[in-house]
Amino acid sequence: MIPDREKDPSRGAARPGLGLVALLAALTAIGPFSLQILAPALPVVAADLAVTPAAAQLMLSLSLGAMAVATLIWGPLSDRLGRRPVVIGAMWLASVGAVIVLFAPSLELAVTGRLLQAGGAVAGMVLGRAIAQDLYGRGGAAAVLGKITAAMVVAPMLAPAISGLLVAEIGWRAIFVLGALLAGGLALAARARLPETAPAAIPEPPLRIFLAFREIAVLPGFWAYAGFGVASLSTFLFFVGAAPYVMGAAYGIGPQVYGLWFMLVALSYMAANMLCGPVSARLGGDRALRWGAYLSLAGTAGGLLLAQGAVHHPLALIGPVMVQSVGAGISVPNALAGAVAAVPDRAGAASGLMGFCQFLIAGCAAQIAGLLPHDSAGPMMLGMLLMLGAGTLSHLLLAQRARRRLRGGS
């Protein structure tokens with residue numbers, strides 16, 4: 001039975017209040033947080049379950065696959081059933097998955113629990129975008145998504161430190177106690193505080209819901225923004241995958257000191273996220289996206305020039321990436337808002353398709369980053385420049401094509 005969302009008095013009445021934005025940020029952050037908090041504990045997991053490190057790694061690598069597939073499910077399901085029940089159900093699924101891992105006597109059961117936890121947790125990231133579009137429209141969504149995206153940066157920064165503390169003091173299973181409590185708490189918070197925001201659903205067969213992907217996939221207006229969002233996230237994960245090796249091989253910077261340098265990049269991105277709303281309001285979403293993209297391109301091009309000039313200092317790498325991050329902090333929220341606004345009646349499906357592409361392409365980019373030469377920042381900066389250039393060019397061309405279609409051109 002389809003919920004009667006038209007009778008929900010809270011639907012569409014919300015404003016960008018701090019409490020609701022904080023809830024959306026927490027729902028968005030739990031996916032990256034639950035993914036990153038496991039990584040430092042994998043050697044201990046392997047020893048405790050008496051498996052090889054490669055086998056224990058399945059708890060992480062298969063989780064990425066589960067998150068990618070789940071993004072294709074939660075989005076269109078929320079278009080049919082509503083954002084609120086899907087978010088609540090997904091958070092409970094993540095909590096149950098964490099409990100399964102907590103009591104798992106074998107790796108097989110632990111991997112099963114991890115797949116459920118990761119697949120449920122990623123719903124917050126997918127539906128946070130759709131809810132922002134439902135509530136605030138294209139212009140307001142960019143400002144809210146800027147704050148939400150900042151949470152996605154904070155979560156990976158905090159997760160490894162929390163993981164190390166829990167593993168050292170209690171044991172690796174404490175990670176999943178925390179995961180179960182966080183997901184369950186968010187389910188309760190969503191039930192209490194999250195309004196239903198999706199447009200009233202039109203009754204249609206279940207298969208028809210997922211055929212929405214085909215409709216979205218042929219829209220230049222969607223890919224004009226989604227393509228840039230995919231390219232920007234791929235650039236970031238490409239940097240994350242290569243930078244620790246480059247900092248070690250080229251500059252002699254160890255993991256602990258590298259973490260401090262990386263915080264400068266993360267803080268630059270977060271600061272730009274906070275500025276995204278005012279900048280977008282002043283320039284408009286499309287102009288803010290373009291100028292942010294140009295700033296990112298300038299930063300990576302400058303980093304490539306410094307690497308070619310053999311400037312031997314960590315700032316020659318981190319400084320340009322900070323500039324790139326400021327540009328991304330302004331452009332990416334507008335890309336996310338533009339992608340879901342391109343199909344407002346299918347915002348959940350649009351967000352899900354974009355999330356799937358982001359996980360798939362960014363995962364490949366992160367893997368390629370490990371294969372590069374790391375004795376110089378040049379190859380890494382060149383790869384980042386090429387990905388950003390491709391994303392920016394695709395946005396410009398496809399946005400122009402979409403405008404022609406709206407004017408009735410070819």
# chains A, B, ... in the order shown; residues from 1 in each chain; ligands from 1
$ residues_around --residues "Ser63 (chain A)" --least-positions-apart "4" --cutoff "8 Å" --atoms "only C-alpha atoms" --output "list in words"
Leu35, Leu58, Met59, Met67, Arg114, Leu115, Ala118 and Gly119 of chain A
$ select_by_dssp --residues "region 172-393 of chain A" --states "helix (DSSP H, G or I)" --output "ChimeraX atom specification"
/A:174-193,206-210,212-217,220-251,255-283,285-308,315-341,344-369,378-393
$ closest_residue --among "A:Tyr136, A:Phe238, A:Tyr269, A:Phe176" --to "Ala341 (chain A)" --atoms "only C-alpha atoms"
A:Tyr136
$ residues_around --residues "Met381 (chain A)" --least-positions-apart "3" --cutoff "6 Å" --atoms "only C-alpha atoms" --output "list in words"
Thr300, Leu304, Gly378 and Met384 of chain A
$ closest_residue --among "A:Gly128, A:Gly227, A:Gly355, A:Gly391" --to "Leu297 (chain A)" --atoms "only C-alpha atoms"
A:Gly391
